[in-house]
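Visitor: Structure file upload_7.tsv (TSV, C-alpha atoms and all ligand atoms) is given on the next line.
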chain	number	residue	atom	x	y	z
A	24	MET	CA	160.75	83.94	259.79
A	25	LYS	CA	162.30	87.42	260.11
A	26	PHE	CA	162.96	89.53	263.21
A	27	VAL	CA	161.63	93.10	262.97
A	28	PHE	CA	163.13	95.46	265.53
A	29	GLU	CA	162.26	98.76	267.13
A	30	ASN	CA	164.59	100.70	269.41
A	31	LEU	CA	162.23	102.56	271.70
A	32	GLU	CA	165.17	104.54	273.09
A	33	LYS	CA	168.95	104.27	272.75
A	34	SER	CA	169.41	101.36	275.15
A	35	PHE	CA	166.05	99.56	275.02
A	36	GLY	CA	164.02	98.01	272.26
A	37	THR	CA	161.69	95.27	271.14
A	38	TYR	CA	161.26	92.91	268.22
A	39	ILE	CA	158.30	91.15	266.60
A	40	THR	CA	158.80	88.20	264.28
A	41	ALA	CA	157.41	88.35	260.77
A	42	SER	CA	156.16	85.10	259.24
A	43	LYS	CA	155.17	86.89	256.04
A	44	ILE	CA	155.77	90.37	254.56
A	45	LEU	CA	152.44	91.66	253.19
A	46	TYR	CA	153.57	95.10	252.03
A	47	LYS	CA	156.93	96.88	251.94
A	48	GLY	CA	157.25	100.31	250.39
A	49	LYS	CA	158.54	103.85	250.73
A	50	SER	CA	156.01	106.64	250.38
A	51	LYS	CA	156.87	110.30	249.88
A	52	TYR	CA	157.08	110.54	253.68
A	53	GLN	CA	158.11	107.28	255.32
A	54	ASN	CA	158.93	103.60	255.01
A	55	ILE	CA	155.80	101.45	255.30
A	56	LEU	CA	156.01	97.80	256.34
A	57	LEU	CA	153.09	95.47	256.95
A	58	PHE	CA	153.75	91.92	258.06
A	59	GLU	CA	152.03	88.91	259.56
A	60	ASN	CA	152.87	87.65	263.07
A	61	GLU	CA	151.41	84.47	264.57
A	62	LYS	CA	150.18	86.21	267.75
A	63	TYR	CA	149.69	89.84	266.66
A	64	GLY	CA	148.16	89.12	263.26
A	65	LYS	CA	148.92	91.95	260.83
A	66	VAL	CA	151.40	94.50	262.20
A	67	LEU	CA	151.92	97.99	260.73
A	68	ARG	CA	155.35	99.65	261.03
A	69	LEU	CA	156.22	103.16	259.83
A	70	ASP	CA	159.91	103.96	259.52
A	71	LYS	CA	161.32	102.16	262.54
A	72	ALA	CA	158.26	102.28	264.80
A	73	PHE	CA	155.52	99.71	265.32
A	74	GLN	CA	152.17	101.51	264.95
A	75	THR	CA	149.42	99.00	265.61
A	76	SER	CA	148.42	95.37	265.19
A	77	GLU	CA	145.21	93.40	264.73
A	78	TYR	CA	145.78	91.63	268.06
A	79	ASP	CA	146.07	94.68	270.29
A	80	GLU	CA	144.84	97.72	268.37
A	81	TYR	CA	142.10	98.24	270.97
A	82	MET	CA	144.74	98.79	273.68
A	83	TYR	CA	145.65	101.98	271.87
A	84	HIS	CA	142.58	103.12	269.91
A	85	GLU	CA	140.03	102.79	272.74
A	86	PRO	CA	141.99	104.90	275.26
A	87	LEU	CA	142.90	107.37	272.50
A	88	VAL	CA	139.28	107.95	271.45
A	89	GLN	CA	136.68	106.80	273.98
A	90	PRO	CA	137.47	108.87	277.11
A	91	ALA	CA	137.52	112.11	275.09
A	92	MET	CA	134.36	111.27	273.14
A	93	CYS	CA	132.55	110.32	276.35
A	94	SER	CA	133.84	113.36	278.25
A	95	HIS	CA	132.04	115.54	275.70
A	96	PRO	CA	128.27	115.71	276.31
A	97	ASN	CA	127.32	115.54	272.62
A	98	PRO	CA	130.21	115.29	270.09
A	99	LYS	CA	128.79	115.90	266.61
A	100	ASN	CA	131.76	117.26	264.68
A	101	VAL	CA	135.08	115.42	265.14
A	102	LEU	CA	138.55	115.95	263.66
A	103	ILE	CA	141.25	113.28	263.51
A	104	ILE	CA	144.77	114.30	262.47
A	105	GLY	CA	146.89	111.30	261.41
A	106	GLY	CA	145.34	107.95	262.16
A	107	GLY	CA	146.11	106.44	258.75
A	108	ASP	CA	145.31	102.87	259.85
A	109	GLY	CA	141.69	103.90	260.47
A	110	GLY	CA	141.52	102.50	264.02
A	111	ALA	CA	140.75	105.82	265.69
A	112	LEU	CA	138.16	106.59	263.00
A	113	GLU	CA	136.40	103.29	263.66
A	114	GLU	CA	136.26	104.02	267.39
A	115	ALA	CA	134.84	107.55	266.94
A	116	LEU	CA	132.18	106.36	264.47
A	117	LYS	CA	130.74	104.06	267.17
A	118	HIS	CA	129.03	107.14	268.70
A	119	ASN	CA	125.65	107.57	266.97
A	120	CYS	CA	125.61	111.27	267.94
A	121	VAL	CA	128.54	111.91	265.56
A	122	GLU	CA	127.39	113.68	262.40
A	123	LYS	CA	130.75	114.28	260.73
A	124	ILE	CA	134.38	113.17	261.11
A	125	THR	CA	137.12	114.88	259.15
A	126	MET	CA	140.30	112.82	259.00
A	127	VAL	CA	143.48	114.61	257.85
A	128	GLU	CA	146.20	112.10	257.00
A	129	LEU	CA	149.44	113.19	255.38
A	130	ASP	CA	150.33	109.90	253.73
A	131	GLU	CA	147.86	108.52	251.20
A	132	ASP	CA	149.92	105.32	250.93
A	133	VAL	CA	149.23	104.46	254.59
A	134	VAL	CA	145.49	104.71	253.99
A	135	LYS	CA	145.81	102.63	250.81
A	136	VAL	CA	147.56	99.86	252.80
A	137	ALA	CA	144.97	100.19	255.60
A	138	LYS	CA	142.04	99.95	253.18
A	139	GLU	CA	143.47	96.85	251.56
A	140	HIS	CA	144.97	94.99	254.53
A	141	LEU	CA	143.70	96.40	257.86
A	142	THR	CA	139.90	96.08	257.64
A	143	GLU	CA	140.01	93.97	260.82
A	144	ILE	CA	141.09	97.23	262.54
A	145	ASN	CA	139.22	99.93	260.62
A	146	LYS	CA	136.12	97.88	259.57
A	147	ASN	CA	136.07	99.87	256.28
A	148	SER	CA	135.31	103.03	258.29
A	149	PHE	CA	136.76	105.20	255.52
A	150	GLU	CA	133.58	104.43	253.49
A	151	ASP	CA	131.18	105.65	256.21
A	152	GLU	CA	129.05	108.52	254.80
A	153	ARG	CA	129.91	110.69	257.86
A	154	VAL	CA	133.63	110.59	256.99
A	155	ARG	CA	135.46	113.29	255.07
A	156	LEU	CA	139.02	112.08	254.28
A	157	VAL	CA	141.57	114.80	253.55
A	158	PHE	CA	145.14	114.01	252.43
A	159	GLY	CA	147.48	116.70	253.67
A	160	ASP	CA	149.59	118.07	256.51
A	161	GLY	CA	147.71	118.50	259.76
A	162	ILE	CA	149.44	121.82	260.43
A	163	LYS	CA	148.41	123.30	257.08
A	164	PHE	CA	144.84	122.02	257.53
A	165	ILE	CA	144.46	123.59	260.98
A	166	ARG	CA	145.89	126.93	259.82
A	167	GLU	CA	143.55	127.10	256.81
A	168	CYS	CA	140.49	125.60	258.48
A	169	ASN	CA	137.59	127.84	259.48
A	170	GLU	CA	135.59	125.05	261.08
A	171	LYS	CA	135.38	124.28	264.80
A	172	PHE	CA	135.16	120.81	266.31
A	173	ASP	CA	133.73	119.22	269.44
A	174	VAL	CA	136.53	116.65	269.71
A	175	ILE	CA	139.96	116.72	268.05
A	176	ILE	CA	142.09	113.57	268.09
A	177	LEU	CA	145.81	113.65	267.32
A	178	ASP	CA	146.80	110.14	266.24
A	179	LEU	CA	150.32	110.87	265.06
A	180	THR	CA	153.61	109.11	264.59
A	181	ASP	CA	156.32	109.82	267.15
A	182	PRO	CA	157.54	113.43	267.28
A	183	TYR	CA	160.20	113.50	264.57
A	184	SER	CA	160.33	114.02	260.81
A	185	ILE	CA	156.79	114.71	259.49
A	186	SER	CA	155.09	115.11	262.87
A	187	THR	CA	157.75	117.10	264.78
A	188	TYR	CA	155.88	120.42	264.88
A	189	LEU	CA	152.55	118.88	265.90
A	190	TYR	CA	153.89	118.50	269.45
A	191	THR	CA	154.65	122.20	270.07
A	192	ASP	CA	152.90	124.78	272.23
A	193	LYS	CA	152.17	126.80	269.10
A	194	PHE	CA	150.35	123.94	267.37
A	195	TYR	CA	148.45	122.99	270.53
A	196	GLY	CA	147.32	126.64	270.69
A	197	GLU	CA	146.15	126.47	267.07
A	198	ILE	CA	144.28	123.24	267.84
A	199	LYS	CA	142.58	124.94	270.77
A	200	SER	CA	141.40	127.75	268.49
A	201	ARG	CA	139.63	125.09	266.38
A	202	LEU	CA	137.70	123.62	269.32
A	203	ASN	CA	134.09	124.60	270.00
A	204	GLU	CA	133.14	125.90	273.47
A	205	GLY	CA	133.55	122.82	275.73
A	206	GLY	CA	135.64	121.01	273.11
A	207	VAL	CA	138.11	118.25	274.03
A	208	LEU	CA	141.52	117.41	272.56
A	209	SER	CA	142.79	113.82	272.82
A	210	ALA	CA	146.30	112.68	271.94
A	211	HIS	CA	148.88	110.13	272.85
A	212	ALA	CA	151.75	111.49	274.91
A	213	GLU	CA	154.47	108.94	274.21
A	214	MET	CA	155.72	106.21	276.54
A	215	PRO	CA	155.89	107.44	280.16
A	216	PHE	CA	158.31	104.82	281.47
A	217	VAL	CA	160.58	104.57	278.46
A	218	LEU	CA	160.71	108.10	277.04
A	219	ASP	CA	159.86	109.80	280.31
A	220	GLU	CA	161.39	113.16	279.46
A	221	ILE	CA	159.45	113.37	276.19
A	222	HIS	CA	156.25	112.34	277.95
A	223	VAL	CA	156.74	114.97	280.67
A	224	ARG	CA	157.57	117.67	278.12
A	225	ILE	CA	154.38	116.92	276.15
A	226	VAL	CA	152.22	117.13	279.29
A	227	LYS	CA	153.93	120.31	280.53
A	228	THR	CA	153.47	121.90	277.12
A	229	LEU	CA	149.76	121.09	277.06
A	230	ARG	CA	149.40	122.50	280.57
A	231	THR	CA	150.50	125.90	279.23
A	232	VAL	CA	147.64	125.80	276.70
A	233	PHE	CA	144.67	124.08	278.39
A	234	ARG	CA	143.07	124.57	281.80
A	235	HIS	CA	142.39	120.86	282.28
A	236	VAL	CA	144.95	118.25	281.16
A	237	GLY	CA	143.94	114.74	282.18
A	238	VAL	CA	146.79	112.21	281.88
A	239	PHE	CA	146.41	108.44	281.94
A	240	TYR	CA	148.23	105.30	280.83
A	241	ASN	CA	147.30	102.12	279.05
A	242	PHE	CA	149.59	99.19	278.27
A	243	VAL	CA	149.99	98.64	274.54
A	244	SER	CA	151.42	95.21	273.83
A	245	VAL	CA	152.88	95.97	270.39
A	246	TYR	CA	154.89	98.87	271.89
A	247	GLY	CA	156.12	96.61	274.72
A	248	THR	CA	155.29	99.26	277.31
A	249	MET	CA	152.71	101.69	278.71
A	250	MET	CA	151.50	104.49	276.43
A	251	GLY	CA	150.56	107.90	277.79
A	252	PHE	CA	147.32	109.60	276.76
A	253	VAL	CA	145.99	113.11	277.41
A	254	ASN	CA	142.50	114.62	277.35
A	255	CYS	CA	142.64	118.44	277.33
A	256	SER	CA	139.91	121.07	277.60
A	257	ASP	CA	139.29	124.49	279.07
A	258	ALA	CA	135.71	123.78	280.06
A	259	ILE	CA	135.55	120.03	280.74
A	260	ASN	CA	137.57	118.26	283.42
A	261	PRO	CA	137.35	114.58	282.37
A	262	LYS	CA	138.31	113.43	285.87
A	263	GLU	CA	135.12	114.92	287.26
A	264	ILE	CA	132.71	112.93	285.08
A	265	SER	CA	131.03	110.14	287.03
A	266	GLU	CA	131.11	106.45	286.22
A	267	ASN	CA	127.33	106.45	285.74
A	268	GLU	CA	127.43	109.44	283.38
A	269	ILE	CA	130.03	107.72	281.19
A	270	ASP	CA	128.05	104.47	281.13
A	271	GLU	CA	124.89	106.42	280.32
A	272	ARG	CA	126.59	108.20	277.39
A	273	LEU	CA	127.96	104.91	276.06
A	274	ARG	CA	124.48	103.35	276.29
A	275	GLU	CA	122.64	106.34	274.79
A	276	ARG	CA	125.04	106.50	271.84
A	277	GLY	CA	124.93	102.80	271.11
A	278	VAL	CA	128.65	102.29	271.74
A	279	GLY	CA	129.08	98.55	272.22
A	280	ASP	CA	131.87	95.97	271.86
A	281	LEU	CA	134.52	97.82	273.81
A	282	LYS	CA	137.25	95.67	275.35
A	283	ILE	CA	138.75	98.13	277.83
A	284	TYR	CA	136.68	101.26	278.36
A	285	ASP	CA	133.53	101.90	280.39
A	286	GLY	CA	132.56	104.11	283.33
A	287	LYS	CA	134.65	102.14	285.82
A	288	MET	CA	137.73	102.35	283.56
A	289	HIS	CA	137.14	106.07	283.07
A	290	LYS	CA	137.36	106.56	286.84
A	291	ALA	CA	140.47	104.35	287.02
A	292	TYR	CA	142.13	106.52	284.35
A	293	PHE	CA	143.44	110.02	285.14
A	294	THR	CA	145.28	108.72	288.19
A	295	ILE	CA	149.01	108.38	287.66
A	296	PRO	CA	151.97	107.31	289.82
A	297	VAL	CA	153.53	109.75	292.29
A	298	ILE	CA	156.86	109.70	290.44
A	299	MET	CA	155.20	111.06	287.30
A	300	ARG	CA	153.15	113.68	289.13
A	301	LYS	CA	156.39	114.95	290.65
A	302	LYS	CA	158.08	115.06	287.21
A	303	PHE	CA	155.27	117.19	285.81
A	304	ASP	CA	156.07	119.78	288.48
A	305	ASP	CA	159.80	119.78	287.75
A	306	GLU	CA	160.71	123.32	286.69
A	307	ASN	CA	163.89	122.12	284.94
A	308	VAL	CA	161.95	120.34	282.20
A	309	ASP	CA	161.25	122.64	279.24
A	310	ILE	CA	158.03	122.79	277.30
A	311	ILE	CA	158.15	122.03	273.56
A	312	THR	CA	158.33	125.09	271.35
A	313	GLU	CA	159.23	125.52	267.68
A	314	LYS	CA	162.72	126.46	268.88
A	315	SER	CA	163.07	123.45	271.17
A	316	VAL	CA	161.36	120.54	269.47
A	317	ILE	CA	161.93	116.97	270.61
A	318	SER	CA	165.17	115.58	269.21
A	319	ALA	CA	165.52	112.22	271.00
A	320	TYR	CA	164.54	110.41	267.83
A	321	ASP	CA	167.40	111.86	265.79
A	322	GLU	CA	169.97	109.80	267.69
A	323	LEU	CA	167.59	106.82	267.76
A	324	ASN	CA	167.36	106.85	264.00
A	325	GLU	CA	171.15	106.99	263.69
A	326	ILE	CA	171.49	103.58	265.33
A	327	ASN	CA	171.58	100.74	262.82
A	328	ILE	CA	169.86	98.18	265.01
A	329	GLU	CA	170.37	95.28	262.66
A	330	GLU	CA	174.14	95.93	262.42
A	331	GLU	CA	174.49	96.29	266.20
A	332	ILE	CA	172.58	93.06	266.85
A	333	LYS	CA	174.70	91.09	264.38
A	334	LYS	CA	177.87	92.42	266.05
A	335	SER	CA	176.57	91.54	269.51
A	336	PHE	CA	175.60	88.02	268.51
A	337	ASN	CA	179.10	87.44	267.17
A	338	GLU	CA	180.75	88.89	270.28
A	339	LEU	CA	178.45	87.10	272.74
A	340	LYS	CA	178.69	83.65	271.05
B	1	LIG	N1	149.42	104.48	266.79
B	1	LIG	C1	150.53	105.18	266.22
B	1	LIG	C2	151.45	105.72	267.26
B	1	LIG	O1	151.07	105.79	268.41
B	1	LIG	O2	152.58	106.02	266.91
B	1	LIG	C3	150.02	106.26	265.26
B	1	LIG	C4	149.16	105.66	264.19
B	1	LIG	S1	148.95	106.45	262.69
B	1	LIG	C5	149.59	105.23	261.61
B	1	LIG	C6	150.11	107.77	262.62
B	1	LIG	C7	149.85	108.59	261.35
B	1	LIG	O3	150.23	109.96	261.52
B	1	LIG	C8	150.62	108.11	260.12
B	1	LIG	O4	149.72	107.54	259.19
B	1	LIG	C9	151.31	109.35	259.58
B	1	LIG	O5	151.36	109.41	258.17
B	1	LIG	C10	150.45	110.46	260.20
B	1	LIG	N2	151.11	111.78	260.27
B	1	LIG	C11	152.37	112.06	260.70
B	1	LIG	N3	152.61	113.38	260.59
B	1	LIG	C12	151.47	113.96	260.07
B	1	LIG	C13	151.09	115.29	259.73
B	1	LIG	N4	151.98	116.31	259.85
B	1	LIG	N5	149.84	115.51	259.26
B	1	LIG	C14	148.96	114.48	259.10
B	1	LIG	N6	149.26	113.18	259.39
B	1	LIG	C15	150.51	112.93	259.89
Could I get this structure in the form of structure tokens?
Guide:
Amino acid sequence: MKFVFENLEKSFGTYITASKILYKGKSKYQNILLFENEKYGKVLRLDKAFQTSEYDEYMYHEPLVQPAMCSHPNPKNVLIIGGGDGGALEEALKHNCVEKITMVELDEDVVKVAKEHLTEINKNSFEDERVRLVFGDGIKFIRECNEKFDVIILDLTDPYSISTYLYTDKFYGEIKSRLNEGGVLSAHAEMPFVLDEIHVRIVKTLRTVFRHVGVFYNFVSVYGTMMGFVNCSDAINPKEISENEIDERLRERGVGDLKIYDGKMHKAYFTIPVIMRKKFDDENVDIITEKSVISAYDELNEINIEEEIKKSFNELK
């Protein structure tokens, strides 16, 4: 058995044991590791960050996709940027009103691994006739795209390396220009109680671009903490949609087998703790621009976790 670590921030991290390594490789963009764990099933890790697992993928993919899809009255044309494991794609395809989903994933190797090993998560969604899979950088795609979308989902790795500039005010503005009237953007907004400053900066940045920015949290077991999610729109305020309306939309669209989300959960979302609401109003926290991107991960990636743990074990024996 091996111990696979992740340092979520300088002084706090998690590990998941690996009973078997299923895939280990380095693509043009990142290290890809897929391993088996007795509780989590197959676990995907990119660089030093756990991405998703068979056991708890719904704790991330349902909140990332369902509130935004159900906040829109009739999402036909959907865009997903990132999402290489296919979990977000599978969730969006559950809506029978969807006519087309374009998925723009930078790393073809991640999709290859997902197609071969993660069908429990993506249910072979890449083969659905409504899916158009594009391999490329999300920024380039958005800048060259002349299409507009009803729902755009950003399912990206943490803001460093290849996804750094997809968390800036400029990119969020470009995303907004690709939304139809009444369109909704959904994204994760990092871990509110572990990387609070990053989480607050993402929300504050979105607030400079969209009229309505709904924030909510869902625990994601494989991350070992809560994950923040945002639903943004100029025309739709997701908080104002009733429980019955959400349940009606789920029923009408034939969306079944959800483990977390329904009308009741929708109403429970978009309410966050006082301490966070106060942080969002803190003038001293800067928004994210191309000149002030998030850099917390640089120092994180400098730490050699394995070395530090070995040293500690020896010292603490
Ligand atoms: N659930 C994960 C999380 O919360 O960190 C994200 C899942 S998904 C595996 C993240 C995907 O974003 C990866 O497959 C990665 O290759 C993709 N990605 C990162 N930067 C990108 C970019 N600039 N354009 C398109 N895809 C990108």
Visitor: Can you pull out the residues contacting Gly159 of chain A? Cut-off 12 Å, using all atoms listed in the file, and skip same-chain residues under 6 positions away; I want them as number ranges by chain.
Guide: A: 51-52, 104-105, 107, 125-132, 165, 167, 185
Visitor: Compute the set of protein, DNA and RNA residues whose minimum atom distance to ligand LIG 1 (chain B) is at most 9 Å, using only C-alpha atoms and all ligand atoms, and state it as a VMD selection string.
Guide: chain A and resid 52 to 53 67 to 69 72 to 75 80 83 to 84 103 to 111 126 to 134 158 to 164 177 to 189 211 to 213 246 250
Visitor: Can you pull out the residues contacting Val232 of chain A? Cut-off 12 Å, using only C-alpha atoms, and skip same-chain residues under 5 positions away; I want them as a list in words.
Guide: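 Result of the neighbour search: Thr191, Asp192, Lys193, Phe194, Tyr195, Gly196, Glu197, Ile198, Lys199, Ser200, Leu208, Ile225, Val226, Lys227, Cys255, Ser256, Asp257, Ile310, Ile311 and Thr312 of chain A.
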Visitor: With all atoms listed in the file as the basis for distance, which of A:Asp309, A:Asp70, A:Asp79, A:Asp280 is at the shortest distance from His222 of chain A?
Guide: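 Closest to His222 of chain A, using all atoms listed in the file: A:Asp309.
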Visitor: I'd like the neighbourhood of Glu322 of chain A as a PDB file with C-alpha atoms, in the frame of the given file, where a residue qualifies if any of its atoms comes within 12 Å (using all atoms listed in the file), though same-chain residues fewer than 5 positions away should be ignored.
Guide:
ATOM      1  CA  ASN A  30     164.590 100.700 269.410  1.00  0.00           C
ATOM      2  CA  LEU A  31     162.230 102.560 271.700  1.00  0.00           C
ATOM      3  CA  GLU A  32     165.170 104.540 273.090  1.00  0.00           C
ATOM      4  CA  LYS A  33     168.950 104.270 272.750  1.00  0.00           C
ATOM      5  CA  SER A  34     169.410 101.360 275.150  1.00  0.00           C
ATOM      6  CA  TYR A 183     160.200 113.500 264.570  1.00  0.00           C
ATOM      7  CA  ILE A 317     161.930 116.970 270.610  1.00  0.00           C
ATOM      8  CA  ASN A 327     171.580 100.740 262.820  1.00  0.00           C
ATOM      9  CA  ILE A 328     169.860  98.180 265.010  1.00  0.00           C
TER      10      ILE A 328
END
Visitor: Please determine an axis-aligned box that encloses all atoms of segment 182-195 of chain A listed in the file, with 5 Å added on each side, and express its centre and edge lengths in Å to one decimal as AutoDock Vina command-line options.
Guide:
--center_x 154.4 --center_y 120.1 --center_z 265.9 --size_x 21.9 --size_y 23.4 --size_z 22.7
Visitor: Taking all atoms listed in the file into account, which of A:Val121, A:Arg201, A:His289, A:Lys25 comes nearest Tyr38 of chain A?
Guide: A:Lys25
Visitor: I need the residue nearest Ser94 of chain A from this list: A:Ile259, A:Val308, A:Val316, A:Ile295. Use all atoms listed in the file for the distance.
Guide: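 The closest residue to Ser94 of chain A is A:Ile259.
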Visitor: Which neighbours of Phe239 of chain A fall inside 6 Å, counting all atoms listed in the file, when residues of the same chain fewer than 6 positions from it are skipped, and could you give them as number ranges by chain?
Guide: A: 251-252, 292-293
Visitor: Output C-alpha atoms for every residue in the selection just made, as a PDB file, keeping the file's coordinate frame.
Guide:
ATOM      1  CA  GLY A 251     150.560 107.900 277.790  1.00  0.00           C
ATOM      2  CA  PHE A 252     147.320 109.600 276.760  1.00  0.00           C
ATOM      3  CA  TYR A 292     142.130 106.520 284.350  1.00  0.00           C
ATOM      4  CA  PHE A 293     143.440 110.020 285.140  1.00  0.00           C
TER       5      PHE A 293
END
Visitor: Quick one: distance from atom CA of Glu268 of chain A to atom CA of Cys93 of chain A in Å, one decimal?
Guide: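 A separation of 8.7 Å between them.
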Visitor: How far is it from atom CA of Pro98 of chain A to atom CA of Ile176 of chain A, in Å with one decimal?
Guide: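 Atom CA of Pro98 of chain A sits 12.2 Å away from atom CA of Ile176 of chain A.
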Visitor: What's the separation between atom CA of Glu204 of chain A and atom CA of His118 of chain A, in Å to one decimal place?
Guide: 19.8 Å
Visitor: Measuring atom to atom with all atoms listed in the file, identify which of A:Tyr81, A:Phe303, A:Tyr320, A:Tyr240 is nearest to Ala291 of chain A.
Guide: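 The answer is A:Tyr240, which sits nearest to Ala291 of chain A.
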Visitor: Counting only C-alpha atoms, select every polymer residue within 9 Å of (135.7, 116.6, 255.9) as defined in the file's coordinates, and provide the selection as a ChimeraX atom specification.
Guide: /A:102,123-127,153-157
Visitor: Within 10 Å of Glu77 of chain A, counting only C-alpha atoms, which residues qualify if same-chain residues fewer than 6 places away don't, as an MDAnalysis selection string?
Guide: chainID A and resid 59:60 62:67 110 141:145 245
Visitor: Go ahead and write the selection's residues with C-alpha atoms as a PDB file, keeping the file's coordinate frame.
Guide:
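Wrote it out as out.pdb, contents follow:
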ATOM      1  CA  GLU A  59     152.030  88.910 259.560  1.00  0.00           C
ATOM      2  CA  ASN A  60     152.870  87.650 263.070  1.00  0.00           C
ATOM      3  CA  LYS A  62     150.180  86.210 267.750  1.00  0.00           C
ATOM      4  CA  TYR A  63     149.690  89.840 266.660  1.00  0.00           C
ATOM      5  CA  GLY A  64     148.160  89.120 263.260  1.00  0.00           C
ATOM      6  CA  LYS A  65     148.920  91.950 260.830  1.00  0.00           C
ATOM      7  CA  VAL A  66     151.400  94.500 262.200  1.00  0.00           C
ATOM      8  CA  LEU A  67     151.920  97.990 260.730  1.00  0.00           C
ATOM      9  CA  GLY A 110     141.520 102.500 264.020  1.00  0.00           C
ATOM     10  CA  LEU A 141     143.700  96.400 257.860  1.00  0.00           C
ATOM     11  CA  THR A 142     139.900  96.080 257.640  1.00  0.00           C
ATOM     12  CA  GLU A 143     140.010  93.970 260.820  1.00  0.00           C
ATOM     13  CA  ILE A 144     141.090  97.230 262.540  1.00  0.00           C
ATOM     14  CA  ASN A 145     139.220  99.930 260.620  1.00  0.00           C
ATOM     15  CA  VAL A 245     152.880  95.970 270.390  1.00  0.00           C
TER      16      VAL A 245
END
Visitor: Tell me which of A:Pro90, A:Thr37, A:Asn169, A:Asp219 sits closest to Lys290 of chain A, counting only C-alpha atoms.
Guide: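 Counting only C-alpha atoms, the residue closest to Lys290 of chain A is A:Pro90.
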Visitor: Looking at A:Ile221, A:Cys120, A:Ala137, A:Ile175, which one is nearest to Leu273 of chain A, with distances taken over all atoms listed in the file?
Guide: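 Among the listed residues, the smallest separation from Leu273 of chain A belongs to A:Cys120.
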Visitor: Have segment 290-305 of chain A completed to N, CA and C atoms, please, and pass it along as a CSV table (one decimal), keeping the file's coordinate frame.
Guide:
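To be explicit, this is the file written out as rebuild.csv:
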chain,number,residue,atom,x,y,z
A,290,LYS,N,137.0,106.1,285.5
A,290,LYS,CA,137.4,106.6,286.8
A,290,LYS,C,138.7,106.1,287.2
A,291,ALA,N,139.1,104.9,286.7
A,291,ALA,CA,140.5,104.4,287.0
A,291,ALA,C,141.5,105.2,286.3
A,292,TYR,N,141.2,105.7,285.1
A,292,TYR,CA,142.1,106.5,284.4
A,292,TYR,C,142.3,107.8,285.1
A,293,PHE,N,143.2,108.7,284.6
A,293,PHE,CA,143.4,110.0,285.1
A,293,PHE,C,144.0,110.0,286.5
A,294,THR,N,144.5,108.8,286.9
A,294,THR,CA,145.3,108.7,288.2
A,294,THR,C,146.6,108.1,287.8
A,295,ILE,N,147.7,108.9,288.1
A,295,ILE,CA,149.0,108.4,287.7
A,295,ILE,C,150.0,108.3,288.8
A,296,PRO,N,151.1,107.5,288.7
A,296,PRO,CA,152.0,107.3,289.8
A,296,PRO,C,152.6,108.6,290.4
A,297,VAL,N,152.9,108.6,291.6
A,297,VAL,CA,153.5,109.8,292.3
A,297,VAL,C,154.7,110.2,291.5
A,298,ILE,N,155.6,109.3,291.1
A,298,ILE,CA,156.9,109.7,290.4
A,298,ILE,C,156.6,110.6,289.2
A,299,MET,N,155.5,110.3,288.5
A,299,MET,CA,155.2,111.1,287.3
A,299,MET,C,154.6,112.4,287.7
A,300,ARG,N,153.7,112.4,288.7
A,300,ARG,CA,153.2,113.7,289.1
A,300,ARG,C,154.3,114.6,289.5
A,301,LYS,N,155.3,114.1,290.2
A,301,LYS,CA,156.4,115.0,290.6
A,301,LYS,C,157.2,115.5,289.4
A,302,LYS,N,157.3,114.6,288.4
A,302,LYS,CA,158.1,115.1,287.2
A,302,LYS,C,157.4,116.2,286.5
A,303,PHE,N,156.0,116.1,286.5
A,303,PHE,CA,155.3,117.2,285.8
A,303,PHE,C,155.5,118.5,286.5
A,304,ASP,N,155.9,118.5,287.8
A,304,ASP,CA,156.1,119.8,288.5
A,304,ASP,C,157.5,120.2,288.5
A,305,ASP,N,158.4,119.5,287.8
A,305,ASP,CA,159.8,119.8,287.8
A,305,ASP,C,160.1,121.0,286.8
